[in-house]
file upload.cif (mmCIF, C-alpha atoms)
data_final
#
loop_
_atom_site.label_atom_id
_atom_site.label_comp_id
_atom_site.auth_asym_id
_atom_site.auth_seq_id
_atom_site.Cartn_x
_atom_site.Cartn_y
_atom_site.Cartn_z
CA MET L 224 59.60 61.20 77.50
CA GLY L 225 62.31 59.42 75.62
CA GLY L 226 62.96 58.57 72.03
CA SER L 227 65.76 58.38 69.50
CA TYR L 228 67.77 60.42 67.03
CA ASN L 229 65.18 60.00 64.30
CA MET L 230 62.33 61.64 66.19
CA ASN L 231 60.51 64.38 64.31
CA ILE L 232 61.96 67.40 66.07
CA ASP L 233 63.74 70.47 64.74
CA LYS L 234 67.41 69.82 65.49
CA ASP L 235 68.19 73.54 65.24
CA LYS L 236 65.82 74.36 68.06
CA LEU L 237 67.97 74.67 71.19
CA PHE L 238 65.35 75.49 73.83
CA PHE L 239 61.73 74.54 74.40
CA ASN L 240 58.43 75.78 75.74
CA ALA L 241 57.16 74.29 79.00
CA GLY L 242 54.36 72.50 77.19
CA GLU L 243 56.83 70.68 74.94
CA ILE L 244 58.92 69.12 77.71
CA LYS L 245 56.71 66.08 78.27
CA ASP L 246 57.05 64.86 74.68
CA LEU L 247 60.77 65.49 74.16
CA PRO L 248 63.28 62.75 73.41
CA LEU L 249 66.15 62.35 75.88
CA ILE L 250 68.17 65.56 75.81
CA GLU L 251 71.01 66.56 78.16
CA GLN L 252 72.14 70.16 77.70
CA HIS L 253 74.05 70.69 80.94
CA LEU L 254 77.04 68.32 81.06
CA HIS L 255 80.50 68.50 82.63
CA THR L 256 83.46 66.25 81.84
CA ASN L 257 86.96 65.71 83.18
CA PHE L 258 88.07 68.77 81.25
CA SER L 259 86.75 70.63 84.34
CA ASP L 260 85.05 69.07 87.36
CA GLY L 261 83.30 66.02 85.87
CA ASP L 262 84.39 62.42 86.39
CA ASN L 263 84.22 61.18 82.81
CA SER L 264 85.65 61.94 79.38
CA PRO L 265 83.48 63.35 76.59
CA ARG L 266 83.67 60.02 74.76
CA GLU L 267 82.45 58.14 77.86
CA ILE L 268 79.52 60.54 78.13
CA ILE L 269 78.72 60.07 74.45
CA ASN L 270 78.77 56.26 74.72
CA CYS L 271 76.43 56.50 77.72
CA ALA L 272 74.14 58.84 75.77
CA ILE L 273 73.97 56.46 72.82
CA GLU L 274 73.29 53.50 75.10
CA LYS L 275 70.40 55.39 76.68
CA LYS L 276 69.09 56.43 73.25
CA ALA L 277 69.61 60.13 73.83
CA TRP L 278 68.81 62.47 70.96
CA ARG L 279 71.11 65.40 71.79
CA VAL L 280 73.79 66.39 74.28
CA ALA L 281 75.57 69.68 74.95
CA PHE L 282 78.93 69.78 76.74
CA THR L 283 78.70 72.93 78.87
CA GLU L 284 82.09 72.89 80.56
CA HIS L 285 82.97 75.23 83.44
CA VAL L 286 85.34 77.90 82.17
CA ARG L 287 87.21 80.97 83.30
CA LYS L 288 88.84 83.62 81.16
CA ASN L 289 92.20 81.96 81.75
CA SER L 290 91.00 78.45 80.79
CA ASP L 291 93.56 77.89 78.06
CA TRP L 292 92.43 74.26 77.74
CA TYR L 293 89.06 75.34 76.35
CA LYS L 294 90.34 75.49 72.77
CA TYR L 295 91.45 71.85 73.03
CA PHE L 296 88.08 70.95 74.50
CA ILE L 297 86.27 72.58 71.58
CA LYS L 298 88.53 70.79 69.11
CA GLU L 299 87.79 67.41 70.70
CA ILE L 300 84.03 67.97 70.87
CA ARG L 301 83.94 69.01 67.21
CA GLU L 302 85.87 65.89 66.24
CA LEU L 303 83.50 63.71 68.26
CA LYS L 304 80.54 65.49 66.70
CA GLU L 305 81.72 64.36 63.27
CA ILE L 306 82.51 60.80 64.39
CA TYR L 307 79.10 60.24 65.99
CA LYS L 308 76.96 62.40 63.68
CA ASP L 309 74.76 59.45 62.65
CA LYS L 310 74.05 58.40 66.25
CA LEU L 311 73.79 61.55 68.33
CA ILE L 312 73.57 65.32 68.01
CA ILE L 313 76.47 66.88 69.93
CA LEU L 314 76.76 70.57 70.79
CA THR L 315 79.55 72.67 72.26
CA GLY L 316 78.91 74.84 75.28
CA LEU L 317 80.22 76.41 78.44
CA GLU L 318 79.16 77.56 81.88
CA ALA L 319 80.71 80.74 83.27
CA LYS L 320 80.07 82.46 86.57
CA LEU L 321 78.99 86.03 87.26
CA ILE L 322 81.99 88.02 88.51
CA ASN L 323 80.64 91.50 89.27
CA LEU L 324 77.46 93.54 89.56
CA ASP L 325 77.92 94.91 86.06
CA GLY L 326 76.73 91.50 84.93
CA GLU L 327 80.11 90.41 83.55
CA ILE L 328 80.91 86.70 83.36
CA ASP L 329 84.21 84.86 83.67
CA ALA L 330 84.54 83.99 79.98
CA THR L 331 86.19 85.61 76.98
CA GLU L 332 84.44 86.69 73.81
CA GLU L 333 86.33 83.98 71.94
CA GLN L 334 85.14 81.28 74.32
CA ILE L 335 81.55 82.47 74.05
CA SER L 336 81.74 82.54 70.25
CA GLN L 337 82.76 78.87 70.20
CA ALA L 338 79.90 77.74 72.44
CA GLU L 339 76.57 76.81 70.92
CA ILE L 340 75.00 76.82 74.39
CA PRO L 341 76.69 79.41 76.63
CA ILE L 342 75.35 79.37 80.20
CA GLY L 343 75.85 82.14 82.74
CA SER L 344 75.44 81.21 86.41
CA VAL L 345 75.58 82.77 89.85
CA HIS L 346 78.16 80.74 91.78
CA ALA L 347 78.89 83.37 94.45
CA TYR L 348 77.47 86.70 95.59
CA CYS L 349 79.24 89.77 94.20
CA LYS L 350 80.08 92.77 96.34
CA GLU L 351 79.52 96.37 95.29
CA GLY L 352 82.44 98.44 94.11
CA PRO L 353 85.46 97.93 91.84
CA GLY L 354 87.11 94.59 91.28
CA ASN L 355 85.70 91.10 91.33
CA ARG L 356 84.95 90.57 95.02
CA PHE L 357 82.59 88.09 96.63
CA TYR L 358 80.92 87.54 99.98
CA GLU L 359 81.87 84.59 102.11
CA PHE L 360 78.63 82.68 102.67
CA GLU L 361 78.89 82.95 106.46
CA GLU L 362 78.86 86.77 106.10
CA LEU L 363 75.20 86.74 105.08
CA GLU L 364 72.04 85.71 106.88
CA TYR L 365 69.69 83.69 104.72
CA LYS L 366 67.35 86.63 104.05
CA GLU L 367 70.28 88.75 102.89
CA ALA L 368 71.53 85.84 100.77
CA LEU L 369 68.14 85.49 99.09
CA GLU L 370 68.14 89.16 98.14
CA MET L 371 71.72 88.91 96.88
CA ASP L 372 70.89 85.86 94.80
CA LEU L 373 67.99 87.71 93.21
CA LYS L 374 70.09 90.83 92.62
CA CYS L 375 72.97 88.91 91.06
CA THR L 376 70.66 86.89 88.82
CA LEU L 377 68.90 90.02 87.58
CA LYS L 378 72.27 91.62 86.79
CA LEU L 379 73.26 88.49 84.86
CA ILE L 380 70.03 88.67 82.87
CA GLU L 381 70.29 92.40 82.18
CA ASN L 382 73.80 92.08 80.76
CA ALA L 383 73.16 88.90 78.76
CA LYS L 384 73.23 90.61 75.37
CA ASN L 385 76.65 92.05 76.14
CA SER L 386 78.07 88.86 77.63
CA GLY L 387 76.61 86.61 74.93
CA ILE L 388 74.98 84.02 77.19
CA LYS L 389 71.77 82.27 76.13
CA VAL L 390 70.88 80.42 79.35
CA ILE L 391 70.67 81.42 83.01
CA GLY L 392 72.17 78.51 84.90
CA HIS L 393 70.32 76.90 87.82
CA PRO L 394 68.79 80.06 89.37
CA PHE L 395 68.93 80.23 93.19
CA ALA L 396 71.13 77.12 93.34
CA VAL L 397 73.71 78.83 95.56
CA TYR L 398 71.01 79.93 97.99
CA LEU L 399 69.44 76.47 98.09
CA LYS L 400 72.81 74.76 98.52
CA TYR L 401 74.31 76.93 101.25
CA TYR L 402 71.27 78.15 103.17
CA SER L 403 68.74 75.32 102.71
CA LYS L 404 65.81 77.71 102.77
CA SER L 405 62.91 77.83 100.34
CA VAL L 406 62.69 80.30 97.47
CA PRO L 407 59.42 82.28 97.38
CA ALA L 408 57.42 81.79 94.19
CA GLU L 409 57.41 85.53 93.53
CA TYR L 410 61.23 85.51 93.36
CA MET L 411 61.16 82.72 90.80
CA GLU L 412 58.54 84.61 88.84
CA ARG L 413 60.58 87.83 88.77
CA ILE L 414 63.55 86.17 87.12
CA ILE L 415 61.49 83.95 84.82
CA LYS L 416 59.56 86.97 83.55
CA LYS L 417 62.81 88.90 83.09
CA MET L 418 64.35 86.01 81.16
CA ALA L 419 61.43 86.00 78.72
CA ALA L 420 61.84 89.74 78.13
CA ASN L 421 65.53 89.20 77.35
CA ASP L 422 65.05 86.05 75.21
CA LEU L 423 66.95 83.81 77.63
CA ALA L 424 66.32 80.20 78.58
CA PHE L 425 65.81 78.94 82.12
CA ASP L 426 68.21 76.13 83.04
CA PHE L 427 65.77 73.41 84.11
CA ASN L 428 68.24 71.56 86.29
CA SER L 429 67.74 68.47 88.45
CA HIS L 430 70.86 69.07 90.54
CA TYR L 431 69.25 71.82 92.60
CA LEU L 432 65.70 72.64 91.49
CA THR L 433 63.77 69.37 91.78
CA ASP L 434 61.40 70.69 94.45
CA TYR L 435 60.51 73.63 92.21
CA PHE L 436 59.90 71.81 88.93
CA GLU L 437 56.14 72.18 88.99
CA ILE L 438 56.10 75.90 89.77
CA ILE L 439 58.93 76.58 87.28
CA LEU L 440 57.03 74.85 84.47
CA LYS L 441 53.88 76.81 85.28
CA LEU L 442 55.71 80.12 85.42
CA CYS L 443 57.65 79.46 82.23
CA GLU L 444 54.41 78.60 80.46
CA LYS L 445 52.74 81.72 81.85
CA HIS L 446 55.48 84.07 80.64
CA GLY L 447 56.58 82.20 77.53
CA THR L 448 60.06 81.57 78.91
CA LYS L 449 62.11 78.96 77.06
CA ILE L 450 63.71 76.03 78.91
CA ASN L 451 67.16 74.48 78.69
CA ILE L 452 66.87 70.93 79.99
CA GLY L 453 69.69 69.08 81.75
CA SER L 454 70.73 67.04 84.76
CA ASP L 455 73.94 69.03 85.42
CA VAL L 456 75.78 65.76 84.81
CA HIS L 457 79.15 65.30 86.53
CA LYS L 458 79.20 61.48 86.42
CA LEU L 459 77.62 58.82 84.23
CA GLU L 460 74.98 57.69 86.71
CA GLU L 461 73.46 61.18 86.62
CA PHE L 462 72.82 61.07 82.87
CA GLY L 463 69.07 61.24 82.25
CA GLU L 464 68.28 61.90 85.92
CA ILE L 465 66.02 64.82 85.14
CA TYR L 466 63.81 62.65 82.92
CA GLN L 467 63.26 60.10 85.67
CA ILE L 468 62.30 62.83 88.12
CA LEU L 469 59.87 64.40 85.67
CA LYS L 470 58.35 61.04 84.81
CA ASN L 471 57.97 59.93 88.44
CA LYS L 472 57.03 63.20 90.14
CA ILE L 473 55.46 65.54 87.61
CA PHE L 474 54.00 63.86 84.55
CA LYS L 475 52.47 60.86 86.29
CA LYS L 476 49.95 63.13 88.00
#
call {"tool": "encode", "arguments": {"input": "upload.cif", "output": "structure tokens"}}
result
Amino acid sequence: MGGSYNMNIDKDKLFFNAGEIKDLPLIEQHLHTNFSDGDNSPREIINCAIEKKAWRVAFTEHVRKNSDWYKYFIKEIRELKEIYKDKLIILTGLEAKLINLDGEIDATEEQISQAEIPIGSVHAYCKEGPGNRFYEFEELEYKEALEMDLKCTLKLIENAKNSGIKVIGHPFAVYLKYYSKSVPAEYMERIIKKMAANDLAFDFNSHYLTDYFEIILKLCEKHGTKINIGSDVHKLEEFGEIYQILKNKIFKK
């Protein structure tokens, strides 16, 4: 893995098959900057990407419907895209959370329309009924939480055409983070199969899913599910992390 801007790869192809991952140049399509909860500016991320000979980056900033700053973010990324067009491919994006069991996300149609890579993620477990209400994590035992994570993710997938998202962000990350229990392979397979049927990409993310990389790749290959690759970067030292993990743990076998 690795490479440069001039590699022979279709620059309009956003997501990849599992079998293509090993031969990809350095791509980071899950990045956060100091516009939301990242440590660094977009320009700092870009300079790091160029130094590491990255081929493409996508700035997938956390948004909410009331994120008025997003229009300024888009303006800056588009300006940087033009400045660095001969050194790096730069894409706009966003990451928005699921807010109810109708599959709605916390992003406006305008925000989604400006994002080349819109990601929808489960960041909390939605309650039944009207309004946008969520469980406190201590309310649920881990088995209940696992079922809620699956339910919320399926709702996110089912409503993707209406919401406009193209990627399901770090599936089961909330469960892994707050409950520290393993995710059964059949649960991963249910969502990966559903993503393929809805033409969505799986967010192959080194922040939460490292222990599941091998099974995720196998299941994505089995069902023809596309992959969005990224380290969920929040600080410079995380840039390219996913490639090191793949190189050291998966592809050296």
call {"tool": "resolve_selection", "arguments": {"input": "upload.cif", "expression": "the PyMOL selection byres ((chain L and resi 473) around 12)", "output": "number ranges by chain"}}
result
L: 224, 244-245, 433-441, 465-472, 474-476
call {"tool": "resolve_selection", "arguments": {"input": "upload.cif", "expression": "the PyMOL selection byres ((chain L and resi 315) around 8)", "output": "mmCIF file with C-alpha atoms, keeping the file's coordinate frame"}}
result
data_model
loop_
_atom_site.group_PDB
_atom_site.id
_atom_site.type_symbol
_atom_site.label_atom_id
_atom_site.label_comp_id
_atom_site.auth_asym_id
_atom_site.auth_seq_id
_atom_site.Cartn_x
_atom_site.Cartn_y
_atom_site.Cartn_z
ATOM 1 C CA ALA L 281 75.570 69.680 74.950
ATOM 2 C CA PHE L 282 78.930 69.780 76.740
ATOM 3 C CA THR L 283 78.700 72.930 78.870
ATOM 4 C CA ILE L 297 86.270 72.580 71.580
ATOM 5 C CA ILE L 300 84.030 67.970 70.870
ATOM 6 C CA ARG L 301 83.940 69.010 67.210
ATOM 7 C CA ILE L 313 76.470 66.880 69.930
ATOM 8 C CA LEU L 314 76.760 70.570 70.790
ATOM 9 C CA GLY L 316 78.910 74.840 75.280
ATOM 10 C CA LEU L 317 80.220 76.410 78.440
ATOM 11 C CA GLN L 337 82.760 78.870 70.200
ATOM 12 C CA ALA L 338 79.900 77.740 72.440
ATOM 13 C CA GLU L 339 76.570 76.810 70.920
ATOM 14 C CA ILE L 340 75.000 76.820 74.390
#
call {"tool": "closest_residue", "arguments": {"input": "upload.cif", "among": "L:Met411, L:Leu423, L:Ile380, L:Ala368", "to": "Tyr398 in chain L", "atoms": "only C-alpha atoms"}}
result
L:Ala368
call {"tool": "closest_residue", "arguments": {"input": "upload.cif", "among": "L:Ile388, L:Leu377, L:Leu369, L:Ile312", "to": "Ile335 in chain L", "atoms": "all atoms listed in the file"}}
result
L:Ile388
call {"tool": "residues_around", "arguments": {"input": "upload.cif", "residues": "Gly242 in chain L", "least_positions_apart": "4", "cutoff": "10 Å", "atoms": "only C-alpha atoms", "output": "number ranges by chain"}}
result
L: 246-247, 440-441, 443-444, 447
call {"tool": "atom_distance", "arguments": {"input": "upload.cif", "atom1": "CA of Trp278 in chain L", "atom2": "CA of Lys234 in chain L"}}
result
9.3 Å
call {"tool": "atom_distance", "arguments": {"input": "upload.cif", "atom1": "CA of Phe462 in chain L", "atom2": "CA of Ser429 in chain L"}}
result
10.6 Å
call {"tool": "closest_residue", "arguments": {"input": "upload.cif", "among": "L:Ala319, L:Leu442, L:Ala272, L:Val390", "to": "Arg413 in chain L", "atoms": "all atoms listed in the file"}}
result
L:Leu442
call {"tool": "closest_residue", "arguments": {"input": "upload.cif", "among": "L:Glu332, L:Met371, L:Phe360, L:Lys276", "to": "Val345 in chain L", "atoms": "only C-alpha atoms"}}
result
L:Met371
call {"tool": "residues_around", "arguments": {"input": "upload.cif", "residues": "Ser386 in chain L", "least_positions_apart": "3", "cutoff": "9 Å", "atoms": "only C-alpha atoms", "output": "PDB file with C-alpha atoms, in the coordinates of the input"}}
result
ATOM      1  CA  GLY L 326      76.730  91.500  84.930  1.00  0.00           C
ATOM      2  CA  GLU L 327      80.110  90.410  83.550  1.00  0.00           C
ATOM      3  CA  ILE L 328      80.910  86.700  83.360  1.00  0.00           C
ATOM      4  CA  ALA L 330      84.540  83.990  79.980  1.00  0.00           C
ATOM      5  CA  THR L 331      86.190  85.610  76.980  1.00  0.00           C
ATOM      6  CA  GLU L 332      84.440  86.690  73.810  1.00  0.00           C
ATOM      7  CA  ILE L 335      81.550  82.470  74.050  1.00  0.00           C
ATOM      8  CA  GLY L 343      75.850  82.140  82.740  1.00  0.00           C
ATOM      9  CA  LEU L 379      73.260  88.490  84.860  1.00  0.00           C
ATOM     10  CA  ASN L 382      73.800  92.080  80.760  1.00  0.00           C
ATOM     11  CA  ALA L 383      73.160  88.900  78.760  1.00  0.00           C
TER      12      ALA L 383
END
call {"tool": "closest_residue", "arguments": {"input": "upload.cif", "among": "L:His285, L:Asp426, L:Met418, L:Asp233", "to": "Thr256 in chain L", "atoms": "only C-alpha atoms"}}
result
L:His285
call {"tool": "closest_residue", "arguments": {"input": "upload.cif", "among": "L:Tyr402, L:Lys320, L:Val286, L:Pro394", "to": "Glu362 in chain L", "atoms": "all atoms listed in the file"}}
result
L:Tyr402
call {"tool": "resolve_selection", "arguments": {"input": "upload.cif", "expression": "the PyMOL selection byres ((chain L and resi 359) around 12)", "output": "count of residues only"}}
result
16
call {"tool": "atom_distance", "arguments": {"input": "upload.cif", "atom1": "CA of His393 in chain L", "atom2": "CA of His430 in chain L"}}
result
8.3 Å
call {"tool": "residues_around", "arguments": {"input": "upload.cif", "residues": "Glu274 in chain L", "least_positions_apart": "2", "cutoff": "12 Å", "atoms": "all atoms listed in the file", "output": "mmCIF file with C-alpha atoms, in the coordinates of the input"}}
result
data_model
loop_
_atom_site.group_PDB
_atom_site.id
_atom_site.type_symbol
_atom_site.label_atom_id
_atom_site.label_comp_id
_atom_site.auth_asym_id
_atom_site.auth_seq_id
_atom_site.Cartn_x
_atom_site.Cartn_y
_atom_site.Cartn_z
ATOM 1 C CA GLY L 226 62.960 58.570 72.030
ATOM 2 C CA SER L 227 65.760 58.380 69.500
ATOM 3 C CA TYR L 228 67.770 60.420 67.030
ATOM 4 C CA LEU L 249 66.150 62.350 75.880
ATOM 5 C CA GLU L 267 82.450 58.140 77.860
ATOM 6 C CA ILE L 268 79.520 60.540 78.130
ATOM 7 C CA ILE L 269 78.720 60.070 74.450
ATOM 8 C CA ASN L 270 78.770 56.260 74.720
ATOM 9 C CA CYS L 271 76.430 56.500 77.720
ATOM 10 C CA ALA L 272 74.140 58.840 75.770
ATOM 11 C CA LYS L 276 69.090 56.430 73.250
ATOM 12 C CA ALA L 277 69.610 60.130 73.830
ATOM 13 C CA TRP L 278 68.810 62.470 70.960
ATOM 14 C CA LYS L 310 74.050 58.400 66.250
ATOM 15 C CA LEU L 311 73.790 61.550 68.330
ATOM 16 C CA LEU L 459 77.620 58.820 84.230
ATOM 17 C CA PHE L 462 72.820 61.070 82.870
ATOM 18 C CA GLY L 463 69.070 61.240 82.250
#
call {"tool": "axis_aligned_box", "arguments": {"input": "upload.cif", "around": "range 231-249 of chain L", "padding_each_side": "4 Å", "output": "lines of an AutoDock Vina configuration file"}}
result
center_x = 61.3
center_y = 69.1
center_z = 71.7
size_x = 21.8
size_y = 21.4
size_z = 22.7
call {"tool": "decode", "arguments": {"input": "upload.cif", "residues": "range 345-396 of chain L", "atoms": "C-alpha atoms", "output": "short mmCIF file (atom, residue, chain, number, x, y, z; two decimals), in the first residue's frame"}}
result
data_model
loop_
_atom_site.label_atom_id
_atom_site.label_comp_id
_atom_site.auth_asym_id
_atom_site.auth_seq_id
_atom_site.Cartn_x
_atom_site.Cartn_y
_atom_site.Cartn_z
CA VAL L 345 -24.78 5.90 14.98
CA HIS L 346 -23.42 8.01 17.84
CA ALA L 347 -26.18 7.21 20.35
CA TYR L 348 -29.12 4.83 20.63
CA CYS L 349 -32.48 6.30 19.65
CA LYS L 350 -35.63 5.71 21.66
CA GLU L 351 -38.99 4.82 20.16
CA GLY L 352 -41.65 7.48 19.84
CA PRO L 353 -41.80 11.13 18.78
CA GLY L 354 -38.91 13.52 19.10
CA ASN L 355 -35.19 12.93 19.00
CA ARG L 356 -34.56 11.08 22.25
CA PHE L 357 -31.64 8.87 23.20
CA TYR L 358 -30.77 6.30 25.83
CA GLU L 359 -28.14 7.03 28.42
CA PHE L 360 -25.56 4.27 28.03
CA GLU L 361 -25.94 3.13 31.64
CA GLU L 362 -29.64 2.45 30.95
CA LEU L 363 -28.78 -0.54 28.78
CA GLU L 364 -27.10 -3.84 29.50
CA TYR L 365 -24.57 -4.84 26.87
CA LYS L 366 -26.90 -7.35 25.18
CA GLU L 367 -29.61 -4.70 24.88
CA ALA L 368 -27.02 -2.23 23.58
CA LEU L 369 -25.89 -4.67 20.90
CA GLU L 370 -29.45 -5.09 19.68
CA MET L 371 -30.00 -1.33 19.72
CA ASP L 372 -26.81 -0.74 17.76
CA LEU L 373 -27.94 -3.23 15.13
CA LYS L 374 -31.44 -1.74 15.00
CA CYS L 375 -30.20 1.84 14.68
CA THR L 376 -27.68 0.91 11.99
CA LEU L 377 -30.31 -0.92 9.95
CA LYS L 378 -32.62 2.12 10.19
CA LEU L 379 -29.76 4.33 9.00
CA ILE L 380 -29.18 2.03 6.03
CA GLU L 381 -32.86 1.73 5.14
CA ASN L 382 -33.32 5.51 5.01
CA ALA L 383 -30.05 6.27 3.21
CA LYS L 384 -31.69 7.15 -0.10
CA ASN L 385 -33.87 9.73 1.63
CA SER L 386 -31.10 11.16 3.80
CA GLY L 387 -28.54 11.23 0.98
CA ILE L 388 -25.68 9.48 2.78
CA LYS L 389 -23.24 7.27 0.88
CA VAL L 390 -21.28 5.73 3.77
CA ILE L 391 -22.27 4.06 7.04
CA GLY L 392 -19.79 5.38 9.58
CA HIS L 393 -17.85 3.00 11.84
CA PRO L 394 -20.61 0.41 12.50
CA PHE L 395 -20.86 -0.82 16.11
CA ALA L 396 -18.32 1.78 17.28
#
